[in-house]
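One file, protein-v3.cif, is given below (mmCIF, C-alpha atoms and all ligand atoms).
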```cif
data_work
loop_
_atom_site.label_atom_id
_atom_site.label_comp_id
_atom_site.auth_asym_id
_atom_site.auth_seq_id
_atom_site.Cartn_x
_atom_site.Cartn_y
_atom_site.Cartn_z
CA MET A 1 -11.39 17.33 -44.26
CA SER A 2 -11.02 21.10 -44.05
CA GLU A 3 -9.94 22.89 -40.88
CA PHE A 4 -12.55 25.13 -39.24
CA ASN A 5 -12.43 28.07 -36.84
CA ASN A 6 -15.96 27.68 -35.48
CA LEU A 7 -16.76 23.99 -35.97
CA LYS A 8 -15.45 20.72 -34.65
CA LEU A 9 -15.96 17.52 -36.59
CA GLU A 10 -15.46 14.05 -35.18
CA VAL A 11 -16.22 10.88 -37.13
CA ALA A 12 -16.54 7.45 -35.55
CA ASP A 13 -18.72 4.40 -36.16
CA GLU A 14 -20.18 6.00 -39.33
CA ILE A 15 -21.50 8.94 -37.25
CA ALA A 16 -20.25 12.50 -37.75
CA VAL A 17 -20.60 14.72 -34.69
CA LEU A 18 -20.53 18.30 -35.96
CA THR A 19 -20.18 20.78 -33.10
CA ILE A 20 -20.78 24.49 -33.49
CA ALA A 21 -18.06 26.02 -31.35
CA ARG A 22 -18.09 29.79 -30.81
CA PRO A 23 -17.74 29.79 -27.01
CA ALA A 24 -17.56 33.60 -26.72
CA ALA A 25 -20.96 34.07 -28.40
CA LEU A 26 -22.94 31.06 -27.17
CA ASN A 27 -22.41 29.50 -30.63
CA ALA A 28 -24.29 32.27 -32.46
CA LEU A 29 -24.20 31.85 -36.23
CA ASN A 30 -22.09 34.46 -38.04
CA SER A 31 -21.21 34.48 -41.74
CA GLU A 32 -17.97 32.59 -41.22
CA THR A 33 -19.75 29.82 -39.32
CA LEU A 34 -22.44 29.54 -42.00
CA ASP A 35 -19.72 29.25 -44.68
CA GLU A 36 -17.91 26.63 -42.64
CA LEU A 37 -21.15 24.67 -42.12
CA ASN A 38 -21.64 24.64 -45.86
CA VAL A 39 -18.12 23.32 -46.48
CA ALA A 40 -18.37 20.72 -43.70
CA LEU A 41 -21.75 19.39 -44.85
CA THR A 42 -20.60 19.25 -48.48
CA GLU A 43 -17.55 17.23 -47.46
CA ILE A 44 -19.65 14.97 -45.19
CA GLU A 45 -22.16 14.28 -47.94
CA ALA A 46 -19.37 13.08 -50.21
CA ARG A 47 -18.16 10.52 -47.64
CA ASP A 48 -19.55 6.99 -47.86
CA ASP A 49 -18.27 6.20 -44.37
CA ILE A 50 -20.70 8.67 -42.75
CA LYS A 51 -24.33 7.60 -42.40
CA VAL A 52 -25.70 9.98 -39.76
CA VAL A 53 -24.77 13.54 -38.77
CA ILE A 54 -25.35 14.75 -35.21
CA LEU A 55 -25.33 18.55 -34.91
CA THR A 56 -24.73 19.99 -31.46
CA GLY A 57 -23.39 23.04 -29.62
CA GLY A 58 -20.01 23.31 -27.94
CA PRO A 59 -19.43 24.56 -24.37
CA ASP A 60 -19.46 28.28 -23.54
CA LYS A 61 -16.38 30.19 -22.43
CA LYS A 62 -16.89 29.01 -18.85
CA ASP A 63 -16.84 25.41 -20.14
CA ASN A 64 -20.54 24.80 -19.55
CA ALA A 65 -21.34 22.14 -22.13
CA PHE A 66 -25.09 22.47 -21.73
CA LYS A 67 -25.56 26.23 -21.80
CA SER A 68 -26.19 26.77 -25.49
CA PHE A 69 -26.90 24.82 -28.64
CA VAL A 70 -27.01 27.98 -30.79
CA ALA A 71 -28.16 31.33 -29.32
CA GLY A 72 -29.30 32.62 -32.70
CA ALA A 73 -27.80 34.46 -35.60
CA ASP A 74 -24.98 36.78 -34.58
CA ILE A 75 -26.65 40.03 -33.51
CA SER A 76 -23.38 41.99 -33.51
CA GLU A 77 -22.95 41.13 -37.21
CA MET A 78 -26.58 41.86 -38.13
CA VAL A 79 -26.89 45.18 -36.31
CA ASN A 80 -25.57 47.26 -39.23
CA PHE A 81 -27.01 45.20 -42.08
CA THR A 82 -28.65 46.97 -44.98
CA ALA A 83 -31.69 45.26 -46.49
CA ALA A 84 -29.50 43.80 -49.26
CA GLN A 85 -26.91 42.46 -46.80
CA ALA A 86 -29.66 40.94 -44.65
CA ARG A 87 -31.11 39.15 -47.65
CA GLU A 88 -27.67 37.85 -48.61
CA PHE A 89 -27.14 36.60 -45.02
CA GLY A 90 -30.48 34.77 -45.11
CA MET A 91 -29.69 33.18 -48.46
CA LYS A 92 -26.20 32.21 -47.24
CA ALA A 93 -27.80 30.35 -44.30
CA SER A 94 -30.33 28.64 -46.52
CA VAL A 95 -27.60 26.68 -48.33
CA PRO A 96 -26.30 24.64 -45.35
CA PHE A 97 -29.82 24.54 -43.85
CA PHE A 98 -31.18 22.90 -47.03
CA LYS A 99 -28.17 20.56 -46.97
CA LEU A 100 -29.15 19.40 -43.46
CA MET A 101 -32.69 18.89 -44.66
CA ASN A 102 -31.97 17.16 -47.96
CA MET A 103 -28.55 15.49 -47.74
CA ARG A 104 -28.65 11.73 -48.13
CA GLN A 105 -27.40 11.18 -44.57
CA VAL A 106 -29.84 11.47 -41.66
CA THR A 107 -29.32 14.62 -39.58
CA ILE A 108 -30.07 14.75 -35.85
CA ALA A 109 -29.94 17.96 -33.80
CA ALA A 110 -28.77 17.20 -30.25
CA VAL A 111 -30.05 20.38 -28.62
CA ASN A 112 -28.12 21.26 -25.46
CA GLY A 113 -29.32 24.55 -23.94
CA PHE A 114 -30.40 27.67 -25.82
CA ALA A 115 -31.94 27.11 -29.26
CA LEU A 116 -33.11 30.65 -29.94
CA GLY A 117 -33.82 32.37 -33.23
CA GLY A 118 -31.41 30.93 -35.78
CA GLY A 119 -30.62 28.18 -33.24
CA CYS A 120 -34.19 26.95 -33.19
CA GLU A 121 -34.23 27.35 -36.98
CA ILE A 122 -31.11 25.25 -37.62
CA SER A 123 -32.49 22.51 -35.34
CA MET A 124 -35.68 22.52 -37.41
CA ALA A 125 -33.68 22.03 -40.62
CA CYS A 126 -32.48 18.68 -39.21
CA ASP A 127 -34.49 15.49 -39.69
CA ILE A 128 -34.84 14.77 -35.96
CA ARG A 129 -34.42 16.82 -32.76
CA ILE A 130 -33.39 15.39 -29.39
CA ALA A 131 -33.32 17.89 -26.51
CA SER A 132 -31.57 17.88 -23.15
CA GLU A 133 -33.80 18.70 -20.17
CA ASN A 134 -32.35 22.22 -19.95
CA ALA A 135 -32.94 23.10 -23.61
CA THR A 136 -34.85 26.30 -24.36
CA PHE A 137 -36.52 27.01 -27.67
CA GLY A 138 -37.84 30.30 -28.98
CA GLN A 139 -38.06 32.74 -31.84
CA PRO A 140 -37.27 36.13 -30.25
CA GLU A 141 -36.84 37.98 -33.56
CA VAL A 142 -39.88 40.29 -33.59
CA GLY A 143 -38.67 41.60 -30.22
CA LEU A 144 -35.52 42.70 -32.08
CA GLY A 145 -37.61 44.32 -34.80
CA ILE A 146 -36.93 41.60 -37.38
CA ILE A 147 -38.58 38.32 -38.33
CA PRO A 148 -37.18 34.78 -38.24
CA GLY A 149 -35.10 34.76 -41.43
CA PHE A 150 -33.43 31.35 -41.47
CA GLY A 151 -36.64 29.51 -42.40
CA GLY A 152 -38.38 29.88 -39.03
CA THR A 153 -41.66 31.31 -40.29
CA GLN A 154 -41.91 28.32 -42.62
CA ARG A 155 -40.44 25.34 -40.79
CA LEU A 156 -41.97 26.08 -37.38
CA ALA A 157 -45.51 26.14 -38.81
CA ARG A 158 -44.83 22.92 -40.70
CA LEU A 159 -43.60 21.21 -37.53
CA VAL A 160 -46.03 22.42 -34.86
CA GLY A 161 -48.94 23.87 -36.86
CA MET A 162 -49.76 27.43 -37.81
CA GLY A 163 -51.50 28.47 -34.57
CA ARG A 164 -48.65 27.46 -32.27
CA ALA A 165 -46.03 28.84 -34.67
CA LYS A 166 -47.79 32.20 -34.76
CA GLU A 167 -48.08 32.31 -30.97
CA LEU A 168 -44.36 31.53 -30.48
CA ILE A 169 -43.23 34.00 -33.14
CA PHE A 170 -45.61 36.84 -32.18
CA THR A 171 -45.04 36.60 -28.38
CA CYS A 172 -41.29 35.70 -28.48
CA ASP A 173 -42.05 33.31 -25.62
CA SER A 174 -39.29 30.82 -24.88
CA ILE A 175 -40.42 27.28 -24.13
CA ASP A 176 -38.66 24.57 -22.20
CA ALA A 177 -37.84 21.11 -23.51
CA ALA A 178 -40.97 19.51 -22.01
CA GLU A 179 -43.24 22.01 -23.78
CA ALA A 180 -41.24 21.62 -27.00
CA TYR A 181 -41.89 17.88 -26.76
CA ARG A 182 -45.59 18.40 -25.98
CA ILE A 183 -46.13 20.48 -29.12
CA GLY A 184 -44.09 18.18 -31.36
CA LEU A 185 -41.10 20.46 -31.86
CA VAL A 186 -38.71 17.81 -30.54
CA ASN A 187 -38.79 14.04 -30.83
CA LYS A 188 -37.38 13.22 -27.38
CA VAL A 189 -36.23 14.88 -24.15
CA VAL A 190 -33.46 13.31 -22.07
CA ALA A 191 -31.26 14.18 -19.09
CA CYS A 192 -28.30 16.38 -20.03
CA GLU A 193 -25.74 13.63 -19.61
CA GLU A 194 -27.87 11.29 -21.75
CA LEU A 195 -28.10 13.65 -24.73
CA MET A 196 -25.15 12.46 -26.81
CA PRO A 197 -25.51 8.76 -25.83
CA THR A 198 -29.19 8.93 -26.85
CA ALA A 199 -28.41 10.68 -30.15
CA LYS A 200 -25.66 8.17 -30.91
CA ALA A 201 -27.89 5.21 -29.98
CA MET A 202 -30.59 6.48 -32.34
CA ALA A 203 -27.94 7.02 -35.02
CA ALA A 204 -26.66 3.45 -34.54
CA LYS A 205 -30.19 2.07 -34.83
CA ILE A 206 -30.74 3.97 -38.09
CA ILE A 207 -27.34 2.84 -39.40
CA SER A 208 -28.26 -0.81 -38.71
CA LYS A 209 -31.04 -0.52 -41.30
CA GLY A 210 -30.46 -0.30 -45.04
CA SER A 211 -28.76 3.09 -45.39
CA TYR A 212 -29.72 3.43 -49.03
CA ALA A 213 -33.36 2.71 -48.20
CA VAL A 214 -33.21 5.24 -45.35
CA SER A 215 -31.88 7.91 -47.70
CA ILE A 216 -34.60 7.13 -50.26
CA ALA A 217 -37.26 7.25 -47.52
CA LYS A 218 -35.91 10.67 -46.47
CA ALA A 219 -36.13 11.92 -50.05
CA ALA A 220 -39.68 10.54 -50.39
CA ILE A 221 -40.85 12.29 -47.20
CA ASN A 222 -39.17 15.59 -48.09
CA ASN A 223 -40.18 15.67 -51.74
CA GLY A 224 -43.76 14.59 -51.14
CA TYR A 225 -44.45 16.99 -48.29
CA ASP A 226 -45.42 19.94 -50.45
CA MET A 227 -46.97 17.91 -53.30
CA ASP A 228 -50.62 17.00 -53.77
CA ILE A 229 -51.30 13.51 -52.42
CA LYS A 230 -51.88 11.91 -55.84
CA ASN A 231 -48.53 13.02 -57.28
CA ALA A 232 -46.81 12.38 -53.95
CA VAL A 233 -47.97 8.76 -53.84
CA GLU A 234 -46.92 8.27 -57.46
CA MET A 235 -43.49 9.72 -56.65
CA GLU A 236 -43.31 7.30 -53.71
CA ALA A 237 -44.15 4.36 -55.97
CA ASN A 238 -41.31 5.34 -58.29
CA LEU A 239 -38.84 5.54 -55.42
CA PHE A 240 -40.18 2.25 -54.03
CA GLY A 241 -39.40 0.73 -57.43
CA ILE A 242 -35.81 1.95 -57.19
CA THR A 243 -35.36 0.31 -53.78
CA CYS A 244 -36.56 -2.98 -55.29
CA SER A 245 -33.46 -3.12 -57.48
CA THR A 246 -31.03 -3.15 -54.57
CA HIS A 247 -28.92 -5.77 -52.82
CA ASP A 248 -30.51 -4.73 -49.53
CA LYS A 249 -34.01 -5.55 -50.77
CA ALA A 250 -32.94 -9.03 -51.88
CA GLU A 251 -31.00 -9.57 -48.66
CA GLY A 252 -33.63 -8.06 -46.33
CA MET A 253 -36.55 -10.00 -47.75
CA GLY A 254 -34.46 -13.16 -48.29
CA ALA A 255 -33.32 -13.07 -44.66
CA PHE A 256 -36.90 -12.70 -43.45
CA LEU A 257 -38.08 -15.68 -45.49
CA GLU A 258 -35.07 -17.76 -44.39
CA ARG A 259 -35.64 -16.74 -40.75
CA ARG A 260 -32.14 -15.31 -40.29
CA ALA A 261 -30.73 -11.88 -39.49
CA ALA A 262 -30.30 -9.64 -42.51
CA ASN A 263 -26.87 -8.38 -43.46
CA LEU A 264 -27.78 -5.03 -44.93
CA THR A 265 -25.11 -2.97 -46.67
CA ASP A 266 -25.85 0.35 -48.21
CA PHE A 267 -27.19 -0.64 -51.58
N1 LIG B 301 -25.40 37.05 -31.20
C1 LIG B 301 -24.21 37.53 -30.81
N2 LIG B 301 -23.71 37.34 -29.56
C2 LIG B 301 -24.47 36.64 -28.70
C3 LIG B 301 -25.72 36.12 -29.05
C4 LIG B 301 -26.19 36.34 -30.38
N3 LIG B 301 -27.34 35.84 -30.84
N4 LIG B 301 -26.25 35.48 -27.97
C5 LIG B 301 -25.34 35.62 -26.98
N5 LIG B 301 -24.27 36.31 -27.42
C6 LIG B 301 -23.06 36.68 -26.65
C7 LIG B 301 -23.38 37.81 -25.67
O1 LIG B 301 -23.30 39.06 -26.31
C8 LIG B 301 -22.26 37.59 -24.64
O2 LIG B 301 -21.07 38.15 -25.14
P1 LIG B 301 -20.09 38.96 -24.11
O3 LIG B 301 -19.74 37.97 -23.04
O4 LIG B 301 -18.94 39.34 -24.99
O5 LIG B 301 -20.90 40.10 -23.59
C9 LIG B 301 -22.09 36.09 -24.62
O6 LIG B 301 -22.68 35.59 -25.83
C10 LIG B 301 -22.81 35.45 -23.44
O7 LIG B 301 -24.17 35.89 -23.49
P2 LIG B 301 -24.91 36.49 -22.23
O8 LIG B 301 -23.95 37.17 -21.32
O9 LIG B 301 -26.07 37.30 -22.73
O10 LIG B 301 -25.41 35.16 -21.51
P3 LIG B 301 -26.67 34.99 -20.58
O11 LIG B 301 -26.55 33.64 -19.97
O12 LIG B 301 -26.82 36.14 -19.66
O13 LIG B 301 -27.94 35.01 -21.58
C11 LIG B 301 -29.14 34.40 -23.58
C12 LIG B 301 -28.08 33.98 -22.53
C13 LIG B 301 -30.51 34.48 -22.91
C14 LIG B 301 -29.15 33.35 -24.67
C15 LIG B 301 -28.75 35.79 -24.14
O14 LIG B 301 -27.40 35.76 -24.56
C16 LIG B 301 -29.57 36.18 -25.34
O15 LIG B 301 -30.70 36.61 -25.17
N6 LIG B 301 -28.99 36.06 -26.56
C17 LIG B 301 -29.67 36.48 -27.77
C18 LIG B 301 -30.75 35.49 -28.14
C19 LIG B 301 -31.47 35.97 -29.37
O16 LIG B 301 -32.14 36.99 -29.37
N7 LIG B 301 -31.34 35.17 -30.45
C20 LIG B 301 -31.98 35.49 -31.71
C21 LIG B 301 -31.08 36.35 -32.51
S1 LIG B 301 -31.86 36.91 -33.98
C22 LIG B 301 -31.81 35.58 -35.02
O17 LIG B 301 -31.38 34.52 -34.67
C23 LIG B 301 -32.34 35.81 -36.36
C24 LIG B 301 -32.15 34.62 -37.27
C25 LIG B 301 -32.53 34.94 -38.68
C26 LIG B 301 -31.60 35.98 -39.29
C27 LIG B 301 -31.99 36.16 -40.71
C28 LIG B 301 -31.16 37.21 -41.39
C29 LIG B 301 -31.56 37.34 -42.84
#
```
Write the structure described by the file as structure tokens, please.
Ligand code: CO8
Amino acid sequence: MSEFNNLKLEVADEIAVLTIARPAALNALNSETLDELNVALTEIEARDDIKVVILTGGPDKKDNAFKSFVAGADISEMVNFTAAQAREFGMKASVPFFKLMNMRQVTIAAVNGFALGGGCEISMACDIRIASENATFGQPEVGLGIIPGFGGTQRLARLVGMGRAKELIFTCDSIDAAEAYRIGLVNKVVACEELMPTAKAMAAKIISKGSYAVSIAKAAINNGYDMDIKNAVEMEANLFGITCSTHDKAEGMGAFLERRAANLTDF
């Protein structure tokens, strides 16, 4: 795997823990970090020994591991952007963000602390969000005279509905983890020290299922989301057909009928 300046990657038990580590800037996303995320996710996707990716934030410069997930895009880099440079920055981010959303592995954001602006947006590009009790979510962009530009105007409305998305984006209000859970922005809230164990336990549970079927289910959900229901259900039937040609289908159903535990592989 490549070496990174702003990321840490650890792989164990088929789980990749990808940590955004810019302690001096509360893990804000600059161009270099976005490029590194793209390289890391491309390399992860090519590895058969990784089934789930957990994305989290590293400690700040005072070693506080729960201060910040990602405090946004890097404001010191954006301050002098021309319109063309801003567009390029947004498009650069969209590549790793779409990878998180569409890669065959499941992606879980373990949100520890600030998830503001681009931080909230990168968590929303993941399949699942688990928050620590001290997590804070918000889209403060219009207060800076810009708009959410890493997919926030689109993904937030899809996750929590248009009314709540508009309120959060127009007011720049930050919300705590409990409110994020209440409105459906996060799947689970846990004590700080339980964040990584909970994310890893969920990853292990997902890995214990048929990984190929999980990846096909992910593709079916993602691809069907913006389709009309008739075409979406037809697309699902086609993907269902593909899963019926696998070892895991024969093994999973055979094991059920023989009343034994299934030994699922990844095909
Ligand atoms: N960018 C750059 N540096 C940052 C950022 C950031 N987003 N956030 C924090 N930092 C830096 C601070 O400048 C500070 O650096 P230094 O120690 O050198 O002065 C260091 O991190 C620590 O920050 P604070 O001292 O401010 O820490 P506090 O605990 O007092 O406050 C906050 C923490 C509340 C998180 C505060 O830092 C803050 O408000 N940060 C900015 C949050 C924000 O507005 N985020 C949204 C940014 S805009 C965005 O994400 C747009 C995404 C889409 C772009 C699309 C382009 C096309």
Got a sec: who's within 8 Å of stretch 198-207 of chain A, counting only C-alpha atoms, leaving out chain neighbours fewer than 5 positions off, as a PyMOL selection string? chain A and resi 14-15+51-52+54+108+110+130+190+214
Dump as a tab-separated table the rows for residues of chain A within 7 Å of ligand LIG 301 (chain B): closest atom pair and distance in Å with one decimal, only C-alpha atoms and all ligand atoms counted, ordered by chain and rising residue number.
```
residue	atom	partner	partner_atom	distance
A:Ala24	CA	B:LIG301	O6	5.6
A:Ala25	CA	B:LIG301	O6	3.4
A:Leu26	CA	B:LIG301	O6	4.7
A:Ala28	CA	B:LIG301	C4	4.9
A:Ala71	CA	B:LIG301	N4	4.8
A:Gly72	CA	B:LIG301	O17	3.4
A:Ala73	CA	B:LIG301	O17	3.7
A:Asp74	CA	B:LIG301	N1	3.4
A:Ile75	CA	B:LIG301	N1	4.0
A:Ser76	CA	B:LIG301	C1	5.3
A:Ala86	CA	B:LIG301	C29	4.5
A:Arg87	CA	B:LIG301	C29	5.2
A:Glu88	CA	B:LIG301	C29	7.0
A:Phe89	CA	B:LIG301	C29	5.0
A:Gly90	CA	B:LIG301	C29	3.6
A:Phe114	CA	B:LIG301	C14	5.9
A:Leu116	CA	B:LIG301	N7	4.9
A:Gly117	CA	B:LIG301	O17	3.6
A:Gly118	CA	B:LIG301	O17	3.8
A:Gly119	CA	B:LIG301	O17	6.5
A:Gln139	CA	B:LIG301	C20	6.7
A:Pro140	CA	B:LIG301	O16	5.3
A:Glu141	CA	B:LIG301	S1	5.1
A:Ile147	CA	B:LIG301	C25	6.9
A:Pro148	CA	B:LIG301	C25	4.7
A:Gly149	CA	B:LIG301	C27	3.5
A:Phe150	CA	B:LIG301	C25	4.6
```
Would you save the residues of that selection, restricted to C-alpha atoms, as an mmCIF file, keeping the file's coordinate frame?
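Final file, again12.cif:
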```cif
data_model
loop_
_atom_site.group_PDB
_atom_site.id
_atom_site.type_symbol
_atom_site.label_atom_id
_atom_site.label_comp_id
_atom_site.auth_asym_id
_atom_site.auth_seq_id
_atom_site.Cartn_x
_atom_site.Cartn_y
_atom_site.Cartn_z
ATOM 1 C CA ALA A 24 -17.560 33.600 -26.720
ATOM 2 C CA ALA A 25 -20.960 34.070 -28.400
ATOM 3 C CA LEU A 26 -22.940 31.060 -27.170
ATOM 4 C CA ALA A 28 -24.290 32.270 -32.460
ATOM 5 C CA ALA A 71 -28.160 31.330 -29.320
ATOM 6 C CA GLY A 72 -29.300 32.620 -32.700
ATOM 7 C CA ALA A 73 -27.800 34.460 -35.600
ATOM 8 C CA ASP A 74 -24.980 36.780 -34.580
ATOM 9 C CA ILE A 75 -26.650 40.030 -33.510
ATOM 10 C CA SER A 76 -23.380 41.990 -33.510
ATOM 11 C CA ALA A 86 -29.660 40.940 -44.650
ATOM 12 C CA ARG A 87 -31.110 39.150 -47.650
ATOM 13 C CA GLU A 88 -27.670 37.850 -48.610
ATOM 14 C CA PHE A 89 -27.140 36.600 -45.020
ATOM 15 C CA GLY A 90 -30.480 34.770 -45.110
ATOM 16 C CA PHE A 114 -30.400 27.670 -25.820
ATOM 17 C CA LEU A 116 -33.110 30.650 -29.940
ATOM 18 C CA GLY A 117 -33.820 32.370 -33.230
ATOM 19 C CA GLY A 118 -31.410 30.930 -35.780
ATOM 20 C CA GLY A 119 -30.620 28.180 -33.240
ATOM 21 C CA GLN A 139 -38.060 32.740 -31.840
ATOM 22 C CA PRO A 140 -37.270 36.130 -30.250
ATOM 23 C CA GLU A 141 -36.840 37.980 -33.560
ATOM 24 C CA ILE A 147 -38.580 38.320 -38.330
ATOM 25 C CA PRO A 148 -37.180 34.780 -38.240
ATOM 26 C CA GLY A 149 -35.100 34.760 -41.430
ATOM 27 C CA PHE A 150 -33.430 31.350 -41.470
#
```
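Taking atom CA of A:Glu234 as the reference point, atom CA of A:Asp266 is found at 24.3 Å.
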In the coordinate frame of the file, compute which residues have an atom within 10 Å of (-25.3, 31.8, -46.7) when using all atoms listed in the file, and state them as a ChimeraX atom specification. /A:30-38,87-97,150
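When all atoms listed in the file are used to measure the gap to A:Asp127, the shortest distance among A:Ile44, A:Ala157, A:Val233, A:Ile221 belongs to A:Ile221.
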Near A:Leu168, within 9 Å and counting all atoms listed in the file, which residues show up once chain neighbours fewer than 4 positions away are dropped, as a list in words? Gly138, Gln139, Pro140, Gly163, Arg164, Cys172, Asp173, Ser174 and Ile175 of chain A
Around all the atoms of stretch 62-80 of chain A listed in the file, draw an axis-aligned box and extend it by 3 Å on each of the six sides; I want its centre and edge lengths in Å to one decimal, as lines of an AutoDock Vina configuration file.
```
center_x = -23.1
center_y = 34.7
center_z = -29.0
size_x = 18.5
size_y = 31.1
size_z = 26.4
```
Near A:Glu193, counting all atoms listed in the file, which residues have an atom at most 10 Å away, once you skip same-chain residues fewer than 5 positions from it, shown as a list in words? Ala65, Phe66, Asn112, Ser132, Glu133 and Thr198 of chain A
Just the residues within 7 Å of A:Asn6, please, counting only C-alpha atoms, with nothing from its chain fewer than 5 positions along; format it as a list in words. Ile20, Ala21, Arg22 and Thr33 of chain A
Applying 7 Å and all atoms listed in the file, which residues near A:Ala109 remain after dropping the ones on its own chain fewer than 4 positions away? List them as an MDAnalysis selection string. chainID A and resid 54:56 123 126 128:130
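Using only C-alpha atoms for every distance, the candidate list A:Gly252, A:Leu100, A:Gly58, A:Ala84 yields A:Leu100 as the residue closest to A:Ala40.
Between A:Lys218 and the residues A:Thr107, A:Gln154, A:Asn80, A:Thr265, the shortest atom-to-atom distance, using all atoms listed in the file, involves A:Thr107.
For the pair atom CA of A:Thr42 and atom CA of A:Met227, the separation is 26.8 Å.
What separates atom CA of A:Phe256 from atom CA of A:Val106 is a distance of 25.2 Å.
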Residue completion, stretch 13-27 of chain A, N, CA, C and O atoms, as an mmCIF file, keeping the file's coordinate frame:
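The resulting file, out_14.cif, is shown below:
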```
data_model
loop_
_atom_site.group_PDB
_atom_site.id
_atom_site.type_symbol
_atom_site.label_atom_id
_atom_site.label_comp_id
_atom_site.auth_asym_id
_atom_site.auth_seq_id
_atom_site.Cartn_x
_atom_site.Cartn_y
_atom_site.Cartn_z
ATOM 1 N N ASP A 13 -17.596 5.342 -36.028
ATOM 2 C CA ASP A 13 -18.720 4.400 -36.160
ATOM 3 C C ASP A 13 -19.770 4.900 -37.160
ATOM 4 O O ASP A 13 -20.984 4.748 -36.925
ATOM 5 N N GLU A 14 -19.316 5.508 -38.230
ATOM 6 C CA GLU A 14 -20.180 6.000 -39.330
ATOM 7 C C GLU A 14 -21.070 7.180 -38.898
ATOM 8 O O GLU A 14 -22.033 7.510 -39.559
ATOM 9 N N ILE A 15 -20.740 7.777 -37.745
ATOM 10 C CA ILE A 15 -21.500 8.940 -37.250
ATOM 11 C C ILE A 15 -20.563 10.149 -37.244
ATOM 12 O O ILE A 15 -19.457 10.075 -36.702
ATOM 13 N N ALA A 16 -21.005 11.240 -37.836
ATOM 14 C CA ALA A 16 -20.250 12.500 -37.750
ATOM 15 C C ALA A 16 -20.894 13.344 -36.661
ATOM 16 O O ALA A 16 -22.101 13.596 -36.702
ATOM 17 N N VAL A 17 -20.105 13.760 -35.682
ATOM 18 C CA VAL A 17 -20.600 14.720 -34.690
ATOM 19 C C VAL A 17 -20.040 16.080 -35.080
ATOM 20 O O VAL A 17 -18.826 16.296 -35.062
ATOM 21 N N LEU A 18 -20.929 16.971 -35.494
ATOM 22 C CA LEU A 18 -20.530 18.300 -35.960
ATOM 23 C C LEU A 18 -20.940 19.286 -34.865
ATOM 24 O O LEU A 18 -22.132 19.454 -34.572
ATOM 25 N N THR A 19 -19.936 19.907 -34.258
ATOM 26 C CA THR A 19 -20.180 20.780 -33.100
ATOM 27 C C THR A 19 -19.950 22.228 -33.492
ATOM 28 O O THR A 19 -18.883 22.568 -34.008
ATOM 29 N N ILE A 20 -20.952 23.054 -33.261
ATOM 30 C CA ILE A 20 -20.780 24.490 -33.490
ATOM 31 C C ILE A 20 -20.086 25.056 -32.268
ATOM 32 O O ILE A 20 -20.574 24.910 -31.134
ATOM 33 N N ALA A 21 -18.923 25.664 -32.472
ATOM 34 C CA ALA A 21 -18.060 26.020 -31.350
ATOM 35 C C ALA A 21 -17.612 27.483 -31.452
ATOM 36 O O ALA A 21 -16.545 27.779 -31.978
ATOM 37 N N ARG A 22 -18.471 28.374 -30.966
ATOM 38 C CA ARG A 22 -18.090 29.790 -30.810
ATOM 39 C C ARG A 22 -18.342 30.146 -29.348
ATOM 40 O O ARG A 22 -19.344 30.807 -29.011
ATOM 41 N N PRO A 23 -17.466 29.691 -28.449
ATOM 42 C CA PRO A 23 -17.740 29.790 -27.010
ATOM 43 C C PRO A 23 -18.017 31.214 -26.550
ATOM 44 O O PRO A 23 -18.811 31.415 -25.627
ATOM 45 N N ALA A 24 -17.400 32.214 -27.180
ATOM 46 C CA ALA A 24 -17.560 33.600 -26.720
ATOM 47 C C ALA A 24 -18.947 34.147 -27.036
ATOM 48 O O ALA A 24 -19.374 35.146 -26.461
ATOM 49 N N ALA A 25 -19.669 33.524 -27.970
ATOM 50 C CA ALA A 25 -20.960 34.070 -28.400
ATOM 51 C C ALA A 25 -22.082 33.036 -28.290
ATOM 52 O O ALA A 25 -23.064 33.097 -29.032
ATOM 53 N N LEU A 26 -21.929 32.114 -27.360
ATOM 54 C CA LEU A 26 -22.940 31.060 -27.170
ATOM 55 C C LEU A 26 -23.311 30.374 -28.484
ATOM 56 O O LEU A 26 -24.458 30.049 -28.739
ATOM 57 N N ASN A 27 -22.273 30.220 -29.344
ATOM 58 C CA ASN A 27 -22.410 29.500 -30.630
ATOM 59 C C ASN A 27 -23.330 30.196 -31.623
ATOM 60 O O ASN A 27 -23.909 29.541 -32.509
#
```
